[in-house]
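Structure data (compact mmCIF, C-alpha atoms) from protein_38.txt:
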# COMPACT_ATOMS: atom_id res chain seq x y z
CA MET A 17 -17.43 0.37 -15.40
CA PRO A 18 -16.72 1.79 -11.98
CA ILE A 19 -14.60 -0.37 -9.69
CA THR A 20 -14.58 0.80 -6.10
CA VAL A 21 -11.79 -0.21 -3.74
CA ALA A 22 -12.21 0.27 0.00
CA LEU A 23 -8.92 0.91 1.80
CA ASP A 24 -10.38 -0.29 5.08
CA GLN A 25 -9.07 -2.73 7.68
CA ASN A 26 -12.03 -5.06 7.32
CA ALA A 27 -15.35 -5.46 5.52
CA ASP A 28 -17.44 -4.29 8.48
CA GLU A 29 -16.56 -0.59 8.23
CA PRO A 30 -17.42 -0.01 4.56
CA ARG A 31 -20.12 -2.67 4.25
CA PRO A 32 -23.03 -0.40 5.29
CA PHE A 33 -22.09 2.09 2.57
CA VAL A 34 -21.84 -0.64 -0.05
CA GLU A 35 -25.13 -2.24 0.96
CA ARG A 36 -26.93 1.09 0.86
CA ALA A 37 -25.49 1.86 -2.61
CA ARG A 38 -26.52 -1.56 -4.00
CA PRO A 39 -23.86 -1.38 -6.70
CA THR A 40 -24.01 -3.27 -9.97
CA HIS A 41 -20.27 -2.75 -10.38
CA PRO A 42 -17.44 -4.52 -8.53
CA SER A 43 -17.04 -3.16 -4.98
CA LEU A 44 -13.78 -4.50 -3.65
CA LEU A 45 -11.96 -4.60 -0.32
CA ASP A 46 -8.21 -3.86 -0.10
CA THR A 47 -7.18 -4.50 3.50
CA GLU A 48 -3.51 -4.89 2.56
CA HIS A 49 -3.46 -1.66 0.51
CA ARG A 50 -2.28 -3.50 -2.60
CA VAL A 51 -4.07 -1.15 -4.97
CA ALA A 52 -2.91 1.79 -2.87
CA GLU A 53 0.68 0.76 -3.56
CA LEU A 54 0.22 -0.32 -7.20
CA TYR A 55 -1.36 3.03 -8.10
CA HIS A 56 0.48 5.14 -5.49
CA ILE A 57 -2.71 6.27 -3.79
CA VAL A 58 -2.02 8.62 -0.90
CA ASN A 59 -5.49 9.81 0.09
CA VAL A 60 -9.16 9.08 -0.50
CA PRO A 61 -11.16 9.49 -2.50
CA THR A 62 -8.78 9.06 -5.42
CA LEU A 63 -10.09 8.45 -8.94
CA ILE A 64 -8.09 7.06 -11.84
CA TRP A 65 -9.34 6.62 -15.41
CA ILE A 66 -8.30 3.46 -17.27
CA ASP A 67 -9.27 3.17 -20.91
CA ALA A 68 -10.48 0.06 -22.74
CA ARG A 69 -6.89 -0.89 -23.63
CA GLY A 70 -5.94 -0.93 -19.93
CA VAL A 71 -4.01 2.34 -20.16
CA ILE A 72 -4.16 5.06 -17.50
CA VAL A 73 -5.61 8.16 -19.21
CA ARG A 74 -6.25 10.33 -16.15
CA PRO A 75 -3.97 9.95 -13.13
CA GLN A 76 -4.73 10.27 -9.41
CA ASP A 77 -7.50 12.86 -8.92
CA ASN A 78 -8.91 13.73 -5.48
CA GLN A 79 -12.56 14.30 -6.40
CA PHE A 80 -15.89 13.74 -4.67
CA GLY A 81 -19.22 12.19 -5.62
CA SER A 82 -21.30 14.50 -3.48
CA ASP A 83 -21.15 17.99 -1.95
CA VAL A 84 -21.58 16.84 1.65
CA PHE A 85 -18.07 18.00 2.59
CA THR A 86 -17.55 20.75 0.01
CA GLN A 87 -17.31 23.35 2.78
CA PHE A 88 -14.25 21.47 4.05
CA HIS A 89 -12.37 20.51 0.86
CA GLY A 90 -13.69 23.21 -1.46
CA LYS A 91 -14.53 21.05 -4.47
CA ALA A 92 -17.88 20.59 -6.22
CA SER A 93 -19.03 17.16 -7.38
CA GLY A 94 -21.27 18.24 -10.27
CA PRO A 95 -18.48 19.29 -12.65
CA TYR A 96 -16.52 16.09 -11.99
CA LEU A 97 -19.51 13.82 -12.59
CA GLU A 98 -20.14 15.72 -15.84
CA LEU A 99 -16.50 15.15 -16.83
CA VAL A 100 -16.87 11.41 -16.22
CA ARG A 101 -20.11 11.25 -18.21
CA ALA A 102 -18.43 13.00 -21.15
CA TRP A 103 -15.57 10.49 -21.03
CA VAL A 104 -17.94 7.57 -21.05
CA ARG A 105 -19.94 9.15 -23.90
CA ASP A 106 -17.16 10.12 -26.27
CA GLY A 107 -13.77 9.66 -24.61
CA SER A 108 -13.21 13.36 -23.97
CA GLY A 109 -11.19 14.30 -20.90
CA ALA A 110 -8.75 11.44 -21.40
CA LEU A 111 -5.23 12.87 -21.27
CA ALA A 112 -2.37 12.14 -23.66
CA PRO A 113 0.50 10.06 -22.22
CA ASP A 114 2.81 13.02 -21.68
CA GLU A 115 0.07 14.83 -19.80
CA VAL A 116 -0.65 11.79 -17.61
CA ARG A 117 3.04 11.64 -16.76
CA ARG A 118 3.13 15.36 -16.07
CA TYR A 119 0.36 15.17 -13.47
CA GLN A 120 0.73 11.72 -11.95
CA GLN A 121 1.87 11.35 -8.35
CA LEU A 122 4.87 9.04 -8.13
CA PRO A 123 6.35 7.04 -5.25
CA SER A 124 9.78 7.59 -3.74
CA ALA A 125 12.18 5.32 -1.88
CA GLU A 126 10.83 6.82 1.35
CA SER A 127 7.19 6.23 0.43
CA GLN A 128 7.97 2.62 -0.50
CA LEU A 129 9.67 2.09 2.85
CA ALA A 130 6.68 3.76 4.52
CA ARG A 131 4.40 1.17 2.94
CA ALA A 132 6.64 -1.66 4.21
CA GLU A 133 6.58 -0.15 7.70
CA ARG A 134 2.78 0.09 7.49
CA ALA A 135 2.54 -3.55 6.40
CA LEU A 136 4.70 -4.60 9.35
CA ALA A 137 2.67 -2.45 11.73
CA TRP A 138 -0.58 -3.97 10.45
CA GLU A 139 0.75 -7.50 10.92
CA LEU A 140 1.96 -6.68 14.45
CA GLN A 141 -1.39 -5.09 15.33
CA ARG A 142 -3.26 -8.20 14.23
CA ALA A 143 -0.91 -10.32 16.35
CA GLY A 144 -1.85 -8.28 19.41
CA ARG A 145 1.51 -6.49 19.55
CA SER A 146 -0.04 -3.04 19.69
CA GLU A 147 2.92 -1.18 21.21
CA ALA A 148 5.28 -2.48 18.56
CA ALA A 149 2.62 -1.79 15.91
CA ALA A 150 2.33 1.81 17.11
CA ARG A 151 6.08 2.30 16.68
CA HIS A 152 5.95 1.10 13.08
CA PHE A 153 2.80 3.08 12.22
CA ALA A 154 4.61 6.13 13.58
CA ARG A 155 7.71 5.32 11.53
CA ALA A 156 5.58 4.89 8.41
CA GLY A 157 4.00 8.28 9.08
CA GLU A 158 7.41 9.93 9.51
CA LEU A 159 8.53 8.53 6.15
CA ALA A 160 5.34 9.59 4.36
CA PRO A 161 3.84 12.46 6.36
CA ARG A 162 1.42 13.50 3.60
CA ASP A 163 0.10 9.99 2.94
CA TRP A 164 -3.30 9.81 4.62
CA THR A 165 -3.83 6.18 3.63
CA ILE A 166 -1.08 5.60 6.19
CA ARG A 167 -1.54 8.39 8.73
CA ARG A 168 -5.32 8.54 8.76
CA GLY A 169 -5.97 4.96 7.65
CA SER A 170 -4.00 3.61 10.61
CA LEU A 171 -6.13 5.47 13.17
CA PRO A 172 -9.11 3.06 13.23
CA ILE A 173 -6.68 0.11 13.13
CA GLN A 174 -5.27 1.39 16.42
CA GLY A 175 -8.71 2.05 17.89
CA LYS A 176 -8.50 5.81 17.34
CA ASN A 177 -11.18 8.03 15.83
CA PRO A 178 -10.29 9.07 12.25
CA PHE A 179 -12.67 12.04 12.59
CA GLY A 180 -11.37 13.19 15.98
CA PRO A 181 -8.42 15.17 17.36
CA ASP A 182 -5.77 12.99 15.67
CA PHE A 183 -7.39 13.88 12.37
CA PHE A 184 -7.61 17.61 13.14
CA GLU A 185 -3.83 17.61 13.55
CA LEU A 186 -3.40 15.85 10.18
CA ALA A 187 -5.75 18.30 8.52
CA ARG A 188 -3.77 21.18 10.00
CA GLN A 189 -0.56 19.74 8.51
CA GLY A 190 -2.27 19.06 5.19
CA GLY A 191 -2.51 16.03 2.96
CA ALA A 192 -0.68 15.33 -0.28
CA GLU A 193 -0.78 17.79 -3.16
CA PHE A 194 -2.60 16.46 -6.19
CA PRO A 195 -1.14 17.89 -9.42
CA MET A 196 -4.47 17.05 -11.11
CA ASP A 197 -6.04 19.86 -9.04
CA GLU A 198 -4.56 22.16 -11.72
CA VAL A 199 -6.42 20.30 -14.46
CA THR A 200 -9.80 19.20 -13.12
CA PRO A 201 -12.07 22.29 -12.80
CA THR A 202 -13.98 21.51 -9.62
CA ARG A 203 -12.64 23.95 -7.07
CA VAL A 204 -15.33 26.36 -5.83
CA ALA A 205 -13.70 27.48 -2.57
CA PRO A 206 -10.34 27.24 -0.87
CA ARG A 207 -9.76 24.28 1.44
CA ALA A 208 -11.05 25.21 4.90
CA LYS A 209 -8.49 25.93 7.62
CA LEU A 210 -9.20 24.01 10.82
CA MET B 28 6.50 -13.47 15.72
CA ARG B 29 5.98 -13.15 19.42
CA ARG B 30 2.20 -13.24 19.90
CA GLY B 31 0.16 -12.01 22.83
CA PRO B 32 1.16 -11.99 26.47
CA ARG B 33 2.78 -15.43 26.63
CA ARG B 34 5.95 -14.46 24.81
CA ARG B 35 7.04 -11.05 25.95
CA ALA B 36 9.19 -8.91 23.71
CA TRP B 37 11.56 -7.91 26.50
CA GLU B 38 12.64 -11.52 26.94
CA SER B 39 15.02 -10.84 24.07
CA GLY B 40 17.85 -12.87 25.53
CA ASP B 41 16.20 -16.24 25.79
CA ARG B 42 15.68 -16.96 22.13
CA GLU B 43 18.81 -15.54 20.53
CA GLY B 44 20.93 -18.01 18.64
CA GLU B 45 18.05 -20.45 18.09
CA MET B 46 16.33 -20.95 14.73
CA ASP B 47 12.91 -19.98 16.00
CA ALA B 48 9.97 -18.78 13.89
CA PHE B 49 10.47 -15.45 12.17
CA ARG B 50 7.50 -13.81 10.47
CA LEU B 51 7.97 -12.36 7.01
CA VAL B 52 5.38 -10.17 5.36
CA GLU B 53 5.47 -9.44 1.66
CA ASP B 54 2.87 -8.62 -0.93
CA GLY B 55 0.03 -8.67 1.59
CA ARG B 56 0.86 -12.21 2.72
CA SER B 57 2.79 -13.44 5.69
CA CYS B 58 4.71 -16.61 6.39
CA GLU B 59 7.03 -17.98 9.05
CA VAL B 60 10.62 -18.92 8.35
CA PRO B 61 13.09 -20.39 10.84
CA GLY B 62 15.61 -17.73 11.75
CA GLU B 63 17.89 -16.41 14.41
CA VAL B 64 18.63 -12.94 15.66
CA ILE B 65 22.32 -12.40 16.46
CA GLY B 66 23.49 -8.97 17.48
CA GLY B 67 20.47 -7.38 15.85
CA ARG B 68 21.10 -9.15 12.51
CA VAL B 69 18.45 -11.53 11.25
CA ARG B 70 19.64 -14.78 9.67
CA LEU B 71 17.05 -16.96 8.02
CA SER B 72 17.18 -20.60 6.99
CA ALA B 73 18.22 -20.51 3.32
CA ALA B 74 16.14 -23.56 2.45
CA ALA B 75 13.02 -22.25 4.17
CA LEU B 76 13.48 -18.80 2.60
CA GLU B 77 13.70 -20.35 -0.85
CA SER B 78 10.61 -22.38 -0.19
CA ALA B 79 8.67 -19.40 1.19
CA LEU B 80 9.81 -16.53 -1.05
CA GLY B 81 11.60 -18.21 -3.92
CA TYR B 82 15.06 -16.68 -3.38
CA ALA B 83 17.97 -19.00 -4.12
CA LEU B 84 21.68 -18.20 -4.11
CA GLY B 85 23.39 -19.68 -7.15
CA PRO B 86 26.29 -19.04 -9.52
CA GLU B 87 24.43 -16.13 -11.20
CA GLY B 88 23.75 -14.48 -7.86
CA LEU B 89 20.59 -14.26 -5.78
CA CYS B 90 17.79 -15.42 -8.04
CA ARG B 91 14.05 -15.42 -7.80
CA GLY B 92 12.29 -16.89 -10.80
CA GLU B 93 14.04 -15.50 -13.86
CA ARG B 94 15.44 -12.47 -12.11
CA CYS B 95 18.96 -12.62 -10.68
CA PHE B 96 20.73 -10.01 -8.57
CA PRO B 97 24.54 -9.94 -8.64
CA VAL B 98 26.13 -10.68 -5.29
CA ARG B 99 29.58 -9.26 -4.65
CA ASP B 100 29.86 -10.23 -1.02
CA ARG B 101 28.59 -13.77 -0.60
CA ALA B 102 29.86 -14.02 2.94
CA ALA B 103 27.73 -11.03 3.99
CA LEU B 104 24.60 -12.40 2.28
CA ALA B 105 25.00 -16.03 3.34
CA PRO B 106 26.90 -16.21 6.63
CA GLY B 107 27.22 -19.83 7.63
CA GLY B 108 24.76 -20.92 4.96
CA ALA B 109 21.85 -18.87 6.36
CA ILE B 110 20.62 -15.72 4.60
CA ASP B 111 21.09 -12.30 6.21
CA LEU B 112 17.75 -10.54 5.75
CA ALA B 113 19.06 -6.98 5.66
CA GLU B 114 21.70 -7.99 3.11
CA LEU B 115 19.05 -9.71 0.99
CA ALA B 116 17.04 -6.50 1.04
CA ARG B 117 20.10 -4.46 0.05
CA VAL B 118 21.08 -6.81 -2.80
CA THR B 119 17.54 -6.88 -4.20
CA GLY B 120 16.91 -3.17 -3.64
CA ARG B 121 13.82 -3.90 -1.56
CA PRO B 122 12.72 -1.66 1.30
CA LEU B 123 12.85 -3.56 4.58
CA ALA B 124 10.83 -2.82 7.70
CA LEU B 125 12.40 -4.84 10.49
CA ASP B 126 11.58 -5.46 14.12
CA ALA B 127 14.25 -7.87 15.31
CA GLU B 128 12.88 -7.90 18.85
CA GLU B 129 9.41 -8.88 17.60
CA ARG B 130 10.98 -11.35 15.17
CA ALA B 131 9.02 -9.87 12.28
CA ALA B 132 9.76 -7.99 9.09
CA ALA B 133 8.07 -6.73 5.95
CA LEU B 134 9.79 -6.70 2.56
CA GLY B 135 8.46 -4.08 0.17
CA THR B 136 8.70 -3.37 -3.54
CA PRO B 137 11.66 -1.38 -4.89
CA VAL B 138 10.68 2.12 -5.95
CA GLU B 139 12.29 1.48 -9.36
CA ASP B 140 9.79 -1.30 -10.07
CA ARG B 141 6.82 0.86 -9.11
CA LEU B 142 8.14 3.86 -11.07
CA ALA B 143 8.68 1.77 -14.20
CA ALA B 144 5.15 0.39 -13.99
CA LEU B 145 3.46 3.74 -13.32
CA ARG B 146 5.44 5.68 -15.91
CA GLY B 147 4.65 2.98 -18.45
CA LEU B 148 0.98 3.98 -17.95
CA GLU B 149 -0.33 0.41 -18.18
CA ALA B 150 -2.82 0.04 -15.35
CA PRO B 151 -1.34 -2.58 -12.99
CA ASP B 152 -3.53 -5.65 -12.67
CA PHE B 153 -4.84 -6.74 -9.29
CA CYS B 154 -7.11 -9.38 -7.78
CA LEU B 155 -9.27 -8.45 -4.79
CA PRO B 156 -12.41 -9.80 -3.10
CA ASP B 157 -15.80 -8.14 -3.10
CA PHE B 158 -17.98 -8.05 0.00
CA SER B 159 -19.28 -11.56 -0.73
CA GLY B 160 -15.72 -12.87 -0.88
CA ARG B 161 -15.78 -13.36 -4.65
CA MET B 162 -12.47 -12.45 -6.33
CA HIS B 163 -12.30 -9.91 -9.15
CA ARG B 164 -9.44 -9.00 -11.49
CA LEU B 165 -9.04 -5.61 -13.12
CA SER B 166 -8.03 -7.31 -16.38
CA GLU B 167 -11.45 -9.01 -16.60
CA HIS B 168 -12.76 -5.60 -17.65
CA ARG B 169 -10.36 -5.02 -20.53
CA GLY B 170 -12.39 -3.68 -23.46
CA LYS B 171 -14.37 -1.28 -21.23
CA LYS B 172 -13.44 2.04 -19.70
CA VAL B 173 -12.81 1.60 -15.98
CA LEU B 174 -13.24 4.32 -13.36
CA LEU B 175 -11.09 3.15 -10.45
CA ILE B 176 -12.30 4.70 -7.21
CA ALA B 177 -10.28 4.32 -4.02
CA TYR B 178 -12.22 5.29 -0.91
CA ALA B 179 -12.46 4.43 2.78
CA SER B 180 -14.75 4.70 5.77
CA TRP B 181 -12.11 6.97 7.29
Go ahead and render the structure in this file as structure tokens.
Amino acid sequence: MPITVALDQNADEPRPFVERARPTHPSLLDTEHRVAELYHIVNVPTLIWIDARGVIVRPQDNQFGSDVFTQFHGKASGPYLELVRAWVRDGSGALAPDEVRRYQQLPSAESQLARAERALAWELQRAGRSEAAARHFARAGELAPRDWTIRRGSLPIQGKNPFGPDFFELARQGGAEFPMDEVTPTRVAPRAKL
Amino acid sequence: MRRGPRRRAWESGDREGEMDAFRLVEDGRSCEVPGEVIGGRVRLSAAALESALGYALGPEGLCRGERCFPVRDRAALAPGGAIDLAELARVTGRPLALDAEERAAALGTPVEDRLAALRGLEAPDFCLPDFSGRMHRLSEHRGKKVLLIAYASW
């Protein structure tokens, strides 16, 4: 059962994608980034496998469902989709607990404070206090510079283009490292340098 | 919190010392609690804080539900019967994002809590709406494999 979670500021932005996909699985909206915090998600897309007992058997994996942007991120979707199908079929690809712990991304005191700063910034933005909001978005980004759910996710909230110059600078600095990149065999090219 | 152009943030002098509305954000929800800002310190009405967030100062310390945090310096936490927000955050180990001038703050989750949950490997439960507004819980799908996919339009 796929469960998709949109880390968007409102339903309007992701709705066209959801409507076009016509999913038969739950497609959820996480404007407050609750799931982002619970699962320590620092970029999208991030995929996590949860088995029938409710146990995480594959931690945060930055994988893609299509090859539209493979020339940018360097990963192929075919091998990952095959991996998921095999898991659904016979459970293969699920990692043992010590392996999940070895490859999971974990929060820090700084990243938790970053999330609180982001929450404050979001509240201020919605109250029309955009200058104060900008200060707290910036503070959140200083505390968690590799967290694109904060640094890129806050761009549309502030009326900035998440595919424009602010993003090029983020891409130049680089997003978070995903330890699962060592495990999931989908890389076909190095990440492009902008 | 100061909202819109009517209450300007640089009028910081005119509201100090009064128990005016202070906005608290936690867990994706926000509420208003009477509070005052004195010398950059935020003091909130103890009764309103208990009502809003469930914190109460008792003989066992600062308690919320069944969890109590020891309090060594009661005077610092509860000056004049109000609750000092920064001290509450320190005692409970919660990250605090504070904007005293905007009269707003967000209280986060201690990293220890998140680490314990994630290292325990039990998938944390959550309840979120779909695009029709219907609520869904992760735990409704216990008994099936779940592929959790976080994505965004950005």
Please produce, as a Markdown table, a per-residue contact table for chain B versus chain A (criterion: any atom at most 8 Å away, only C-alpha atoms considered), showing the nearest atom pair and its distance in Å to one decimal, sorted by chain then residue number.
| residue | atom | partner | partner_atom | distance |
| --- | --- | --- | --- | --- |
| B:Arg30 | CA | A:Ala143 | CA | 5.5 |
| B:Gly31 | CA | A:Gly144 | CA | 5.4 |
| B:Val52 | CA | A:Leu136 | CA | 6.9 |
| B:Asp54 | CA | A:Arg50 | CA | 7.5 |
| B:Gly55 | CA | A:Glu48 | CA | 5.3 |
| B:Pro122 | CA | A:Leu129 | CA | 5.1 |
| B:Leu123 | CA | A:Ala132 | CA | 6.5 |
| B:Ala124 | CA | A:Glu133 | CA | 5.0 |
| B:Leu125 | CA | A:Leu136 | CA | 7.8 |
| B:Glu129 | CA | A:Ala148 | CA | 7.7 |
| B:Ala131 | CA | A:Leu136 | CA | 7.4 |
| B:Ala132 | CA | A:Leu136 | CA | 6.1 |
| B:Ala133 | CA | A:Leu136 | CA | 5.2 |
| B:Leu134 | CA | A:Ala132 | CA | 6.2 |
| B:Gly135 | CA | A:Ala132 | CA | 5.0 |
| B:Thr136 | CA | A:Gln128 | CA | 6.8 |
| B:Pro137 | CA | A:Gln128 | CA | 7.0 |
| B:Val138 | CA | A:Ala125 | CA | 5.4 |
| B:Arg141 | CA | A:Leu54 | CA | 7.0 |
| B:Leu142 | CA | A:Leu122 | CA | 6.8 |
| B:Leu145 | CA | A:Tyr55 | CA | 7.1 |
| B:Arg146 | CA | A:Arg117 | CA | 6.5 |
| B:Leu148 | CA | A:Ile72 | CA | 5.3 |
| B:Glu149 | CA | A:Val71 | CA | 4.6 |
| B:Ala150 | CA | A:Val71 | CA | 5.5 |
| B:Pro151 | CA | A:Leu54 | CA | 6.4 |
| B:Phe153 | CA | A:Val51 | CA | 7.1 |
| B:Leu155 | CA | A:Leu44 | CA | 6.1 |
| B:Pro156 | CA | A:Leu44 | CA | 5.5 |
| B:Asp157 | CA | A:Leu44 | CA | 4.2 |
| B:Phe158 | CA | A:Leu44 | CA | 6.6 |
| B:His163 | CA | A:Pro42 | CA | 7.5 |
| B:Ser166 | CA | A:Gly70 | CA | 7.6 |
| B:His168 | CA | A:Met17 | CA | 7.9 |
| B:Arg169 | CA | A:Ala68 | CA | 5.5 |
| B:Gly170 | CA | A:Ala68 | CA | 4.3 |
| B:Lys171 | CA | A:Ala68 | CA | 4.4 |
| B:Lys172 | CA | A:Asp67 | CA | 4.5 |
| B:Val173 | CA | A:Met17 | CA | 4.8 |
| B:Leu174 | CA | A:Pro18 | CA | 4.5 |
| B:Leu175 | CA | A:Ile19 | CA | 5.0 |
| B:Ile176 | CA | A:Thr20 | CA | 4.7 |
| B:Ala177 | CA | A:Val21 | CA | 4.8 |
| B:Tyr178 | CA | A:Pro61 | CA | 4.6 |
| B:Ala179 | CA | A:Ala22 | CA | 5.0 |
| B:Ser180 | CA | A:Pro30 | CA | 5.5 |
| B:Trp181 | CA | A:Pro178 | CA | 5.7 |
Handout entry: Distance criterion (all atoms listed in the file): nearest to Cys58 in chain B out of B:Ala144, B:Ala79, B:Leu71, B:Arg121
Key =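 When distances to Cys58 in chain B are compared using all atoms listed in the file, the smallest one comes from B:Ala79.
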Please identify all polymer residues within 12 Å of range 82-88 of chain B, counting all atoms listed in the file, omitting same-chain residues fewer than 2 positions from it, and present them as a PDB file with C-alpha atoms, in the coordinates of the input.
ATOM      1  CA  LEU B  71      17.050 -16.960   8.020  1.00  0.00           C
ATOM      2  CA  SER B  72      17.180 -20.600   6.990  1.00  0.00           C
ATOM      3  CA  ALA B  73      18.220 -20.510   3.320  1.00  0.00           C
ATOM      4  CA  ALA B  74      16.140 -23.560   2.450  1.00  0.00           C
ATOM      5  CA  ALA B  75      13.020 -22.250   4.170  1.00  0.00           C
ATOM      6  CA  LEU B  76      13.480 -18.800   2.600  1.00  0.00           C
ATOM      7  CA  GLU B  77      13.700 -20.350  -0.850  1.00  0.00           C
ATOM      8  CA  SER B  78      10.610 -22.380  -0.190  1.00  0.00           C
ATOM      9  CA  ALA B  79       8.670 -19.400   1.190  1.00  0.00           C
ATOM     10  CA  LEU B  80       9.810 -16.530  -1.050  1.00  0.00           C
ATOM     11  CA  CYS B  90      17.790 -15.420  -8.040  1.00  0.00           C
ATOM     12  CA  ARG B  91      14.050 -15.420  -7.800  1.00  0.00           C
ATOM     13  CA  GLY B  92      12.290 -16.890 -10.800  1.00  0.00           C
ATOM     14  CA  GLU B  93      14.040 -15.500 -13.860  1.00  0.00           C
ATOM     15  CA  ARG B  94      15.440 -12.470 -12.110  1.00  0.00           C
ATOM     16  CA  CYS B  95      18.960 -12.620 -10.680  1.00  0.00           C
ATOM     17  CA  PHE B  96      20.730 -10.010  -8.570  1.00  0.00           C
ATOM     18  CA  PRO B  97      24.540  -9.940  -8.640  1.00  0.00           C
ATOM     19  CA  VAL B  98      26.130 -10.680  -5.290  1.00  0.00           C
ATOM     20  CA  ARG B  99      29.580  -9.260  -4.650  1.00  0.00           C
ATOM     21  CA  ASP B 100      29.860 -10.230  -1.020  1.00  0.00           C
ATOM     22  CA  ARG B 101      28.590 -13.770  -0.600  1.00  0.00           C
ATOM     23  CA  ALA B 102      29.860 -14.020   2.940  1.00  0.00           C
ATOM     24  CA  LEU B 104      24.600 -12.400   2.280  1.00  0.00           C
ATOM     25  CA  ALA B 105      25.000 -16.030   3.340  1.00  0.00           C
ATOM     26  CA  GLY B 108      24.760 -20.920   4.960  1.00  0.00           C
ATOM     27  CA  ALA B 109      21.850 -18.870   6.360  1.00  0.00           C
ATOM     28  CA  ILE B 110      20.620 -15.720   4.600  1.00  0.00           C
ATOM     29  CA  ASP B 111      21.090 -12.300   6.210  1.00  0.00           C
ATOM     30  CA  LEU B 112      17.750 -10.540   5.750  1.00  0.00           C
ATOM     31  CA  LEU B 115      19.050  -9.710   0.990  1.00  0.00           C
ATOM     32  CA  ALA B 116      17.040  -6.500   1.040  1.00  0.00           C
ATOM     33  CA  VAL B 118      21.080  -6.810  -2.800  1.00  0.00           C
ATOM     34  CA  THR B 119      17.540  -6.880  -4.200  1.00  0.00           C
TER      35      THR B 119
END
Practice task
Please indicate the distance in Å from CA of Gln174 in chain A to CA of Phe49 in chain B, rounded to one decimal place.
Solution key: 23.4 Å
Draw an axis-aligned box over all listed atoms of range 44-57 of chain B, pad each side with 6 Å, and write its centre and edge lengths in Å, one decimal, as lines of an AutoDock Vina configuration file.
center_x = 10.5
center_y = -14.8
center_z = 8.9
size_x = 32.9
size_y = 24.3
size_z = 31.6
Completion exercise
Using all atoms listed in the file, the shortest atom-to-atom distance to Gly62 in chain B among B:Leu89, B:Ala127, B:Leu165, B:Ala103 belongs to B:Ala127
Practice task
Find the distance between CA of Gly157 in chain A and CA of Ala92 in chain A and write it in Å to one decimal.
Solution key: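 The value is 29.4 Å.
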Exercise for the section: Between CA of Asp126 in chain B and CA of Ile166 in chain A, measure the distance and give it in Å to one decimal. Expected result: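 About the pair CA of Asp126 in chain B and CA of Ile166 in chain A: they are 18.6 Å apart.
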